$ cat model17.tsv   # TSV, C-alpha atoms
chain	number	residue	atom	x	y	z
A	1	MET	CA	60.60	-23.50	3.21
A	2	ASN	CA	63.74	-25.37	4.22
A	3	LYS	CA	66.19	-22.99	5.95
A	4	GLY	CA	69.27	-24.63	4.46
A	5	ALA	CA	67.83	-24.54	0.96
A	6	SER	CA	66.84	-20.89	1.45
A	7	THR	CA	70.37	-20.01	2.54
A	8	LEU	CA	71.97	-21.82	-0.39
A	9	GLU	CA	69.55	-20.17	-2.78
A	10	ALA	CA	70.37	-16.76	-1.29
A	11	PHE	CA	74.08	-17.45	-1.77
A	12	SER	CA	73.57	-18.49	-5.39
A	13	ILE	CA	71.43	-15.43	-6.11
A	14	ALA	CA	74.05	-13.17	-4.52
A	15	ILE	CA	76.84	-14.68	-6.63
A	16	ALA	CA	74.71	-14.41	-9.76
A	17	SER	CA	74.03	-10.75	-8.95
A	18	LEU	CA	77.77	-10.08	-8.61
A	19	ARG	CA	78.46	-11.70	-11.97
A	20	ALA	CA	75.59	-9.99	-13.75
A	21	ALA	CA	76.66	-6.45	-12.84
A	22	LYS	CA	80.43	-6.57	-12.37
A	23	LEU	CA	81.07	-2.82	-12.67
A	24	ARG	CA	78.21	-1.93	-10.34
A	25	SER	CA	79.38	-4.55	-7.86
A	26	PHE	CA	82.94	-3.21	-7.97
A	27	LEU	CA	81.82	0.39	-7.43
A	28	THR	CA	79.48	-0.76	-4.68
A	29	LEU	CA	82.28	-2.61	-2.89
A	30	LEU	CA	85.02	-0.02	-3.42
A	31	GLY	CA	84.65	1.44	0.07
A	32	ILE	CA	84.68	-2.03	1.66
A	33	ILE	CA	87.69	-3.08	-0.44
A	34	LEU	CA	89.67	0.04	0.51
A	35	SER	CA	88.82	-0.23	4.19
A	36	THR	CA	89.65	-3.94	4.38
A	37	THR	CA	92.90	-3.46	2.45
A	38	THR	CA	93.90	-0.65	4.81
A	39	LEU	CA	92.98	-2.66	7.90
A	40	ILE	CA	94.81	-5.81	6.78
A	41	ALA	CA	97.88	-3.88	5.58
A	42	VAL	CA	98.18	-2.04	8.90
A	43	MET	CA	97.71	-5.27	10.86
A	44	ALA	CA	100.35	-6.94	8.68
A	45	VAL	CA	102.84	-4.12	9.26
A	46	ILE	CA	102.21	-4.02	13.01
A	47	HIS	CA	102.37	-7.81	13.39
A	48	GLY	CA	105.52	-8.04	11.28
A	49	MET	CA	107.16	-5.19	13.18
A	50	ASP	CA	106.13	-6.71	16.53
A	51	VAL	CA	107.86	-9.97	15.65
A	52	TYR	CA	110.85	-8.13	14.21
A	53	VAL	CA	111.28	-5.83	17.22
A	54	ALA	CA	110.88	-8.73	19.64
A	55	GLU	CA	113.48	-10.83	17.81
A	56	LYS	CA	115.97	-8.23	16.62
A	57	ILE	CA	115.75	-5.18	18.87
A	58	ALA	CA	114.16	-6.10	22.19
A	59	ASP	CA	115.83	-9.50	22.50
A	60	LEU	CA	117.59	-9.24	25.85
A	61	GLY	CA	116.64	-12.81	26.64
A	62	ALA	CA	113.96	-13.97	29.04
A	63	ASP	CA	116.28	-13.32	31.99
A	64	GLY	CA	118.21	-10.27	30.75
A	65	PHE	CA	118.07	-6.62	31.79
A	66	VAL	CA	120.23	-3.53	31.36
A	67	VAL	CA	121.31	-0.72	33.69
A	68	VAL	CA	121.84	2.67	32.02
A	69	ARG	CA	122.25	6.28	33.07
A	70	PHE	CA	118.82	7.08	31.62
A	71	ALA	CA	116.65	6.17	28.65
A	72	PHE	CA	113.35	7.27	27.14
A	73	PHE	CA	110.49	4.82	26.70
A	74	GLY	CA	107.81	7.37	25.90
A	75	ASP	CA	107.45	10.80	24.36
A	76	TRP	CA	110.70	12.70	23.90
A	77	ASP	CA	110.85	15.62	26.30
A	78	PRO	CA	113.86	18.01	26.05
A	79	LYS	CA	113.20	19.35	29.56
A	80	LYS	CA	113.13	15.84	30.98
A	81	PHE	CA	116.34	15.03	29.10
A	82	LEU	CA	118.14	18.04	30.62
A	83	GLU	CA	116.80	17.17	34.07
A	84	LEU	CA	117.99	13.55	33.83
A	85	GLN	CA	121.35	14.65	32.47
A	86	ARG	CA	121.79	16.89	35.49
A	87	LYS	CA	120.40	14.48	38.08
A	88	ASN	CA	121.73	11.11	36.89
A	89	PRO	CA	125.50	10.67	37.12
A	90	GLU	CA	127.43	8.49	34.68
A	91	LEU	CA	127.75	4.81	35.54
A	92	SER	CA	131.33	3.94	36.44
A	93	PRO	CA	133.69	0.93	36.28
A	94	ASP	CA	133.89	1.01	40.10
A	95	GLU	CA	130.12	0.58	40.29
A	96	PHE	CA	130.36	-2.31	37.85
A	97	GLU	CA	132.97	-4.05	40.03
A	98	PHE	CA	130.82	-3.39	43.12
A	99	LEU	CA	127.79	-5.05	41.49
A	100	LYS	CA	129.86	-7.90	40.07
A	101	GLN	CA	131.29	-8.80	43.49
A	102	ARG	CA	128.05	-8.51	45.48
A	103	SER	CA	125.24	-9.63	43.18
A	104	MET	CA	124.05	-13.08	44.25
A	105	LEU	CA	121.11	-13.45	41.83
A	106	VAL	CA	122.95	-12.39	38.68
A	107	LYS	CA	124.60	-15.11	36.59
A	108	GLU	CA	126.34	-12.77	34.14
A	109	ILE	CA	127.04	-9.06	34.35
A	110	GLY	CA	128.94	-7.13	31.70
A	111	MET	CA	129.94	-3.56	31.02
A	112	SER	CA	130.01	-1.84	27.63
A	113	THR	CA	130.00	1.47	25.82
A	114	ASP	CA	130.02	2.51	22.17
A	115	ARG	CA	132.01	4.91	20.02
A	116	GLN	CA	132.36	5.50	16.29
A	117	ALA	CA	135.63	5.48	14.40
A	118	ASP	CA	137.11	4.82	10.97
A	119	ILE	CA	138.62	1.39	10.34
A	120	ILE	CA	141.57	1.13	7.96
A	121	TYR	CA	143.25	-1.94	6.50
A	122	LEU	CA	145.89	-1.78	3.76
A	123	GLY	CA	144.65	1.59	2.53
A	124	GLN	CA	140.97	0.61	2.52
A	125	ARG	CA	138.68	2.52	4.86
A	126	MET	CA	135.27	2.03	6.48
A	127	GLU	CA	133.94	5.23	8.01
A	128	ASP	CA	131.93	5.68	11.21
A	129	VAL	CA	132.03	2.04	12.26
A	130	GLU	CA	130.44	1.25	15.63
A	131	ILE	CA	133.18	0.40	18.11
A	132	THR	CA	131.92	-1.38	21.21
A	133	GLY	CA	134.15	-1.74	24.22
A	134	GLY	CA	133.00	-4.53	26.48
A	135	THR	CA	133.87	-7.12	29.05
A	136	ALA	CA	134.78	-10.68	28.04
A	137	ASN	CA	131.20	-11.96	28.40
A	138	LEU	CA	129.59	-9.36	26.12
A	139	ASN	CA	129.18	-11.91	23.33
A	140	ILE	CA	127.18	-14.13	25.71
A	141	LEU	CA	125.00	-11.26	26.94
A	142	ARG	CA	124.30	-10.07	23.38
A	143	ASN	CA	124.00	-13.58	21.94
A	144	ILE	CA	126.76	-13.03	19.38
A	145	GLN	CA	127.86	-16.22	17.65
A	146	ILE	CA	131.50	-16.79	16.69
A	147	GLU	CA	132.19	-17.84	13.10
A	148	SER	CA	135.97	-18.12	13.39
A	149	GLY	CA	138.67	-17.33	15.91
A	150	ARG	CA	137.64	-16.37	19.43
A	151	TYR	CA	136.16	-13.58	21.54
A	152	PHE	CA	138.49	-11.65	23.82
A	153	SER	CA	139.13	-13.04	27.30
A	154	ASP	CA	139.27	-11.58	30.82
A	155	GLY	CA	143.04	-11.55	30.44
A	156	ASP	CA	142.72	-9.46	27.27
A	157	VAL	CA	140.45	-7.02	29.12
A	158	GLN	CA	142.57	-6.69	32.24
A	159	SER	CA	145.87	-6.33	30.31
A	160	HIS	CA	144.38	-3.74	27.93
A	161	ARG	CA	145.33	-5.78	24.88
A	162	GLN	CA	144.68	-4.20	21.50
A	163	VAL	CA	142.64	-7.05	20.01
A	164	ALA	CA	139.46	-6.85	17.95
A	165	PHE	CA	136.46	-9.06	17.26
A	166	ILE	CA	134.89	-7.94	13.97
A	167	GLY	CA	131.49	-8.22	12.29
A	168	ALA	CA	130.83	-9.96	8.98
A	169	ASP	CA	130.69	-6.67	7.04
A	170	LEU	CA	134.31	-5.90	7.90
A	171	LYS	CA	135.35	-9.37	6.85
A	172	ASP	CA	133.60	-8.88	3.50
A	173	LYS	CA	135.15	-5.43	3.05
A	174	PHE	CA	138.74	-6.12	4.02
A	175	PHE	CA	139.32	-9.87	3.93
A	176	THR	CA	137.59	-11.35	0.89
A	177	GLY	CA	139.17	-14.75	0.31
A	178	VAL	CA	141.63	-14.14	3.14
A	179	ASP	CA	141.64	-15.42	6.72
A	180	PRO	CA	141.34	-12.27	8.89
A	181	ILE	CA	142.61	-13.95	12.07
A	182	GLY	CA	145.95	-12.46	13.04
A	183	LYS	CA	145.70	-9.51	10.65
A	184	THR	CA	146.13	-5.97	11.99
A	185	ILE	CA	143.56	-3.25	11.41
A	186	SER	CA	143.64	0.40	12.44
A	187	VAL	CA	140.90	1.39	14.91
A	188	GLY	CA	140.82	5.07	15.78
A	189	GLY	CA	144.41	5.37	14.58
A	190	LYS	CA	145.69	2.51	16.75
A	191	PRO	CA	146.72	-1.00	15.57
A	192	TYR	CA	144.45	-3.89	16.65
A	193	GLU	CA	144.95	-7.57	15.99
A	194	VAL	CA	141.85	-9.37	14.67
A	195	ILE	CA	141.21	-12.41	16.88
A	196	GLY	CA	137.68	-13.39	15.82
A	197	VAL	CA	134.82	-12.90	13.38
A	198	SER	CA	131.10	-12.90	14.17
A	199	LYS	CA	128.51	-14.96	12.37
A	200	ARG	CA	126.28	-12.78	10.22
A	201	ILE	CA	123.47	-11.16	12.22
A	202	GLY	CA	121.46	-9.52	9.44
A	203	SER	CA	119.78	-6.15	9.24
A	204	VAL	CA	117.19	-4.12	11.14
A	205	PHE	CA	114.90	-2.01	8.92
A	206	GLY	CA	117.46	-2.29	6.11
A	207	GLN	CA	120.37	-1.24	8.35
A	208	SER	CA	123.11	-3.87	8.57
A	209	GLN	CA	123.98	-5.05	12.08
A	210	ASP	CA	127.28	-6.61	11.01
A	211	GLY	CA	129.41	-3.48	10.65
A	212	PHE	CA	130.92	-3.45	14.13
A	213	VAL	CA	134.15	-3.98	16.03
A	214	HIS	CA	134.28	-5.23	19.63
A	215	ILE	CA	137.36	-4.46	21.69
A	216	PRO	CA	138.18	-4.89	25.41
A	217	ILE	CA	136.55	-2.07	27.34
A	218	TYR	CA	139.66	-0.87	29.16
A	219	THR	CA	141.47	-0.79	25.83
A	220	LEU	CA	138.67	1.43	24.51
A	221	PHE	CA	139.22	3.76	27.47
A	222	LYS	CA	142.92	3.88	26.57
A	223	THR	CA	142.28	4.53	22.87
A	224	PHE	CA	139.33	6.94	23.09
A	225	GLY	CA	139.78	8.44	26.53
A	226	ALA	CA	136.32	9.35	27.89
A	227	ARG	CA	134.38	6.83	29.97
A	228	ARG	CA	130.89	8.09	29.18
A	229	TRP	CA	127.57	6.35	28.58
A	230	LEU	CA	128.53	3.05	30.16
A	231	SER	CA	125.82	0.44	30.50
A	232	PHE	CA	125.68	-2.78	32.53
A	233	SER	CA	124.08	-5.84	30.91
A	234	CYS	CA	122.83	-8.43	33.39
A	235	GLN	CA	121.42	-11.94	33.26
A	236	ALA	CA	119.53	-13.45	36.19
A	237	ILE	CA	120.46	-16.88	37.49
A	238	ASP	CA	117.09	-18.15	36.20
A	239	HIS	CA	113.70	-16.83	35.15
A	240	ALA	CA	112.15	-17.54	38.55
A	241	HIS	CA	114.56	-15.04	40.14
A	242	PHE	CA	114.41	-12.46	37.34
A	243	GLN	CA	112.49	-9.77	39.22
A	244	GLN	CA	114.47	-10.39	42.41
A	245	ALA	CA	117.72	-10.03	40.43
A	246	MET	CA	116.57	-6.67	39.06
A	247	ASP	CA	115.58	-5.53	42.56
A	248	GLU	CA	118.93	-6.70	43.95
A	249	VAL	CA	120.92	-4.73	41.36
A	250	LYS	CA	118.79	-1.64	42.02
A	251	SER	CA	119.30	-1.96	45.79
A	252	LEU	CA	123.06	-2.44	45.48
A	253	LEU	CA	123.47	0.53	43.14
A	254	ARG	CA	121.32	2.71	45.41
A	255	ALA	CA	123.48	1.65	48.37
A	256	TYR	CA	126.68	2.47	46.45
A	257	ARG	CA	125.30	5.91	45.58
A	258	HIS	CA	124.00	6.49	49.14
A	259	LEU	CA	120.46	7.20	48.00
A	260	PRO	CA	118.14	7.54	51.05
A	261	PRO	CA	114.76	5.74	51.14
A	262	GLY	CA	112.09	7.63	49.22
A	263	ARG	CA	114.48	9.33	46.82
A	264	GLU	CA	114.07	8.41	43.14
A	265	ASP	CA	116.67	6.22	41.41
A	266	ASN	CA	119.28	8.29	39.56
A	267	PHE	CA	119.77	5.49	37.04
A	268	MET	CA	117.42	3.29	35.00
A	269	VAL	CA	116.94	-0.46	34.71
A	270	PHE	CA	115.01	-1.86	31.76
A	271	ASN	CA	114.34	-5.19	30.06
A	272	SER	CA	112.68	-6.48	26.92
A	273	ASP	CA	109.23	-5.78	28.34
A	274	SER	CA	110.14	-2.09	28.69
A	275	ILE	CA	111.09	-1.89	25.02
A	276	MET	CA	108.05	-3.85	23.90
A	277	GLY	CA	105.82	-1.69	26.11
A	278	MET	CA	107.11	1.43	24.37
A	279	TRP	CA	106.64	-0.25	21.00
A	280	ASP	CA	103.10	-1.33	21.88
A	281	ARG	CA	102.19	2.24	22.79
A	282	LEU	CA	103.54	3.44	19.46
A	283	THR	CA	101.78	0.78	17.41
A	284	GLY	CA	98.62	1.31	19.45
A	285	ALA	CA	98.53	4.93	18.30
A	286	ILE	CA	99.11	3.83	14.71
A	287	ALA	CA	96.38	1.20	14.96
A	288	ALA	CA	93.93	3.71	16.47
A	289	THR	CA	94.55	6.14	13.60
A	290	ALA	CA	94.15	3.35	11.06
A	291	MET	CA	90.91	2.22	12.69
A	292	GLY	CA	89.55	5.75	12.37
A	293	VAL	CA	90.28	5.73	8.64
A	294	VAL	CA	88.91	2.20	8.26
A	295	SER	CA	85.72	3.13	10.12
A	296	VAL	CA	85.03	6.00	7.73
A	297	PHE	CA	85.56	3.75	4.70
A	298	MET	CA	83.40	1.01	6.25
A	299	VAL	CA	80.51	3.39	6.96
A	300	VAL	CA	80.71	4.85	3.46
A	301	GLY	CA	80.87	1.35	1.97
A	302	GLY	CA	77.95	0.21	4.14
A	303	VAL	CA	75.77	3.15	3.10
A	304	VAL	CA	76.53	2.42	-0.57
A	305	ILE	CA	75.61	-1.25	-0.07
A	306	MET	CA	72.35	-0.24	1.62
A	307	ASN	CA	71.45	2.03	-1.28
A	308	ILE	CA	72.28	-0.63	-3.84
A	309	MET	CA	70.27	-3.24	-1.94
A	310	LEU	CA	67.29	-0.86	-1.84
A	311	ALA	CA	67.59	-0.55	-5.62
A	312	VAL	CA	67.80	-4.35	-5.89
A	313	VAL	CA	64.64	-4.70	-3.83
A	314	THR	CA	62.87	-2.32	-6.22
A	315	GLU	CA	64.15	-4.22	-9.25
A	316	ARG	CA	63.00	-7.55	-7.84
A	317	THR	CA	59.61	-6.48	-6.46
A	318	VAL	CA	57.75	-8.87	-8.76
A	319	GLU	CA	60.06	-11.76	-7.80
A	320	ILE	CA	59.32	-11.06	-4.13
A	321	GLY	CA	55.61	-11.05	-4.87
A	322	VAL	CA	55.84	-14.41	-6.68
A	323	ARG	CA	57.85	-15.96	-3.82
A	324	LYS	CA	55.36	-14.76	-1.24
A	325	SER	CA	52.39	-15.97	-3.29
A	326	LEU	CA	54.03	-19.41	-3.39
A	327	GLY	CA	54.32	-19.53	0.39
A	328	ALA	CA	57.58	-17.77	1.26
A	329	ARG	CA	57.41	-16.23	4.72
A	330	ARG	CA	58.63	-12.76	5.71
A	331	SER	CA	61.58	-14.36	7.50
A	332	ASP	CA	62.56	-16.19	4.27
A	333	ILE	CA	62.61	-12.93	2.29
A	334	LEU	CA	64.41	-11.13	5.13
A	335	TRP	CA	67.04	-13.89	5.36
A	336	GLN	CA	67.52	-13.95	1.57
A	337	PHE	CA	68.35	-10.26	1.29
A	338	LEU	CA	70.50	-10.26	4.45
A	339	ILE	CA	72.54	-13.13	3.01
A	340	GLU	CA	72.89	-11.29	-0.31
A	341	SER	CA	74.09	-8.16	1.46
A	342	ALA	CA	76.56	-10.09	3.63
A	343	VAL	CA	77.91	-12.06	0.64
A	344	LEU	CA	78.30	-8.86	-1.36
A	345	SER	CA	80.19	-7.16	1.48
A	346	GLY	CA	82.18	-10.30	2.36
A	347	PHE	CA	83.32	-10.61	-1.23
A	348	GLY	CA	84.61	-7.04	-0.99
A	349	GLY	CA	86.42	-7.96	2.22
A	350	LEU	CA	87.98	-11.02	0.56
A	351	THR	CA	89.13	-8.86	-2.35
A	352	GLY	CA	90.68	-6.44	0.15
A	353	VAL	CA	92.50	-9.33	1.85
A	354	ILE	CA	93.93	-10.50	-1.49
A	355	ILE	CA	95.10	-6.98	-2.35
A	356	ALA	CA	96.64	-6.54	1.12
A	357	TRP	CA	98.39	-9.92	0.84
A	358	THR	CA	99.82	-8.90	-2.55
A	359	ILE	CA	101.04	-5.61	-1.07
A	360	ALA	CA	102.60	-7.46	1.89
A	361	VAL	CA	104.49	-9.85	-0.41
A	362	MET	CA	105.78	-7.00	-2.58
A	363	VAL	CA	106.80	-4.86	0.40
A	364	ARG	CA	108.54	-7.77	2.12
A	365	THR	CA	110.36	-8.64	-1.12
A	366	PHE	CA	111.49	-5.21	-2.25
A	367	THR	CA	111.79	-3.18	0.96
A	368	PRO	CA	113.21	-3.70	4.48
A	369	VAL	CA	109.75	-3.30	6.07
A	370	PRO	CA	108.87	-6.66	7.71
A	371	MET	CA	105.19	-7.23	6.85
A	372	ASP	CA	103.64	-10.48	8.08
A	373	LEU	CA	100.00	-11.37	7.38
A	374	PRO	CA	98.56	-13.24	10.37
A	375	LEU	CA	95.59	-15.55	9.85
A	376	SER	CA	93.63	-13.56	12.42
A	377	SER	CA	93.78	-10.47	10.19
A	378	VAL	CA	92.15	-12.43	7.34
A	379	VAL	CA	89.36	-13.61	9.64
A	380	VAL	CA	88.90	-10.08	11.05
A	381	GLY	CA	88.89	-8.47	7.59
A	382	VAL	CA	86.36	-10.80	5.98
A	383	GLY	CA	84.27	-11.10	9.14
A	384	LEU	CA	84.12	-7.35	9.70
A	385	SER	CA	83.15	-6.62	6.10
A	386	ALA	CA	80.42	-9.30	6.19
A	387	THR	CA	79.13	-7.84	9.47
A	388	VAL	CA	78.97	-4.40	7.88
A	389	GLY	CA	76.98	-5.93	5.02
A	390	LEU	CA	74.57	-7.56	7.47
A	391	PHE	CA	74.12	-4.37	9.47
A	392	PHE	CA	73.51	-2.09	6.50
A	393	GLY	CA	71.44	-4.77	4.77
A	394	ILE	CA	68.87	-4.94	7.57
A	395	TYR	CA	66.80	-1.98	6.35
A	396	PRO	CA	66.58	-3.09	2.68
A	397	ALA	CA	65.85	-6.66	3.79
A	398	ARG	CA	63.04	-5.51	6.09
A	399	GLN	CA	61.58	-3.39	3.30
A	400	ALA	CA	61.60	-6.43	1.01
A	401	SER	CA	60.04	-8.70	3.64
A	402	LYS	CA	57.20	-6.22	4.32
A	403	LEU	CA	56.08	-6.00	0.66
A	404	ASP	CA	52.45	-7.04	0.10
A	405	PRO	CA	52.45	-9.90	-2.46
A	406	ILE	CA	49.45	-8.52	-4.39
A	407	GLU	CA	50.96	-5.02	-4.61
A	408	ALA	CA	54.31	-6.55	-5.56
A	409	LEU	CA	52.76	-8.55	-8.43
A	410	ARG	CA	50.98	-5.46	-9.71
A	411	ALA	CA	54.37	-3.72	-10.02
A	412	GLU	CA	55.05	-5.89	-13.14
A	413	LYS	CA	53.00	-3.56	-15.26
$ encode --input "model17.tsv" --output "structure tokens"
Amino acid sequence: MNKGASTLEAFSIAIASLRAAKLRSFLTLLGIILSTTTLIAVMAVIHGMDVYVAEKIADLGADGFVVVRFAFFGDWDPKKFLELQRKNPELSPDEFEFLKQRSMLVKEIGMSTDRQADIIYLGQRMEDVEITGGTANLNILRNIQIESGRYFSDGDVQSHRQVAFIGADLKDKFFTGVDPIGKTISVGGKPYEVIGVSKRIGSVFGQSQDGFVHIPIYTLFKTFGARRWLSFSCQAIDHAHFQQAMDEVKSLLRAYRHLPPGREDNFMVFNSDSIMGMWDRLTGAIAATAMGVVSVFMVVGGVVIMNIMLAVVTERTVEIGVRKSLGARRSDILWQFLIESAVLSGFGGLTGVIIAWTIAVMVRTFTPVPMDLPLSSVVVGVGLSATVGLFFGIYPARQASKLDPIEALRAEK
């Protein structure tokens, strides 16, 4: 028998079987559909979040890194937090100036810290707005685009001028139809002149990133007092010197703090890879849990398919006998039932992909969760379900191929 013809015939028989018993086919494939839907949905969430985190949260640039007092990129540990708080001193403006003057492999270095305060303009109020005090290059280091006006200058920083660069949300709130440049807003009870407006950034997980005010960092010290939780944002001269630039900043800060060789750093330096590494560990745990659930569904679905295929073999005993009496080999019968099992399972996988795609579209449209369905997930979903069908179809297919044609024909009566 021609192999290609046998395969096509097996496909056509499998499709006919699906159409003939729709309810049975649906119940048979329910486990495969649920497992594939779960797998694809989880892959879509993780892939969408990976892209989102890389673009929106972990985007320090290919050559950017940050120096902080300490940060957690793993499991939260209160004891570790208290230890780091005791051991790691606050970063200081003097350390910033020391690094700025001596770093040879750093193209840009900026200093910043954040506070929260109410913003008032002509009786209107926005509560708990993020106030960032920074150096004049903070917009470059954070890739903030200017829509109108300007960012503050080194002169503004050094002279402690009370000027403000505002986000798009503040413009929408206070200055609808009005040019905000030159207007005076109240920041923490002090008057600040608006000198520039940022282009809209967007939101992260539904939280707007445009409700901020940037002011010169020394002005922030004057307005809010405490100089706590400073961070230094750095940019290497080029990507080839990125690691050397990080090592240089570490060495200079260790020298400033008189840390002897062998003693741990009492500060932390991280880059985008550090954030993505933490995120990968988190999503890896989620994926592992999802795979456990998917495996259970797949096994259950596979066992159901095996049982149904055994019933199909019994129903079609006479047909098998006729085919064998007309010259069909054991391999032809084996291949036919394997193909039927794989098609049945693959159809369930395809249905799961369609359901997962529908869920992804709805979630992306109506919620802030960034789901993105990669092509690889479709291939994995359908391929895995078809493989399950092949695996659990082996036993029924072997039983069918081993039937004696004479005994099979006798089963008609």
$ residues_around --input "model17.tsv" --residues "range 79-96 of chain A" --least-positions-apart "2" --cutoff "7 Å" --atoms "all atoms listed in the file" --output "list of chain:residue names"
A:Arg69, A:Phe70, A:Asp77, A:Phe98, A:Leu99, A:Lys100, A:Met111, A:Arg228, A:Trp229, A:Leu230, A:Ser231, A:Asn266, A:Phe267
$ atom_distance --input "model17.tsv" --atom1 "CA of Glu340 in chain A" --atom2 "CA of Lys402 in chain A"
17.1 Å
$ closest_residue --input "model17.tsv" --among "A:His241, A:Arg161, A:Arg257, A:Lys250" --to "Pro216 in chain A" --atoms "only C-alpha atoms"
A:Arg161
$ closest_residue --input "model17.tsv" --among "A:Ala16, A:Leu8, A:Ile215, A:Val197" --to "Ala136 in chain A" --atoms "all atoms listed in the file"
A:Ile215
$ atom_distance --input "model17.tsv" --atom1 "CA of Val157 in chain A" --atom2 "CA of Gln124 in chain A"
27.7 Å
$ atom_distance --input "model17.tsv" --atom1 "CA of Arg200 in chain A" --atom2 "CA of Leu373 in chain A"
26.5 Å
$ residues_around --input "model17.tsv" --residues "Ser148 in chain A" --least-positions-apart "4" --cutoff "12 Å" --atoms "all atoms listed in the file" --output "JSON, numbers by chain"
{"A": [165, 166, 167, 168, 171, 179, 180, 181, 182, 194, 195, 196, 197, 198, 199, 200]}
$ residues_around --input "model17.tsv" --residues "range 286-303 of chain A" --least-positions-apart "4" --cutoff "6 Å" --atoms "all atoms listed in the file" --output "VMD selection string"
chain A and resid 31 to 32 35 392
$ residues_around --input "model17.tsv" --residues "Ala117 in chain A" --least-positions-apart "5" --cutoff "8 Å" --atoms "all atoms listed in the file" --output "number ranges by chain"
A: 127-131, 187-188
$ residues_around --input "model17.tsv" --residues "Phe391 in chain A" --least-positions-apart "6" --cutoff "12 Å" --atoms "all atoms listed in the file" --output "ChimeraX atom specification"
/A:298-299,301-303,305-306,337-339,341-342,345,384-385,397-398
$ closest_residue --input "model17.tsv" --among "A:Gln399, A:Val353, A:Gly133, A:Ile217" --to "Leu375 in chain A" --atoms "only C-alpha atoms"
A:Val353
$ closest_residue --input "model17.tsv" --among "A:Leu310, A:Val322, A:Ile359, A:Val213" --to "Ile394 in chain A" --atoms "all atoms listed in the file"
A:Leu310
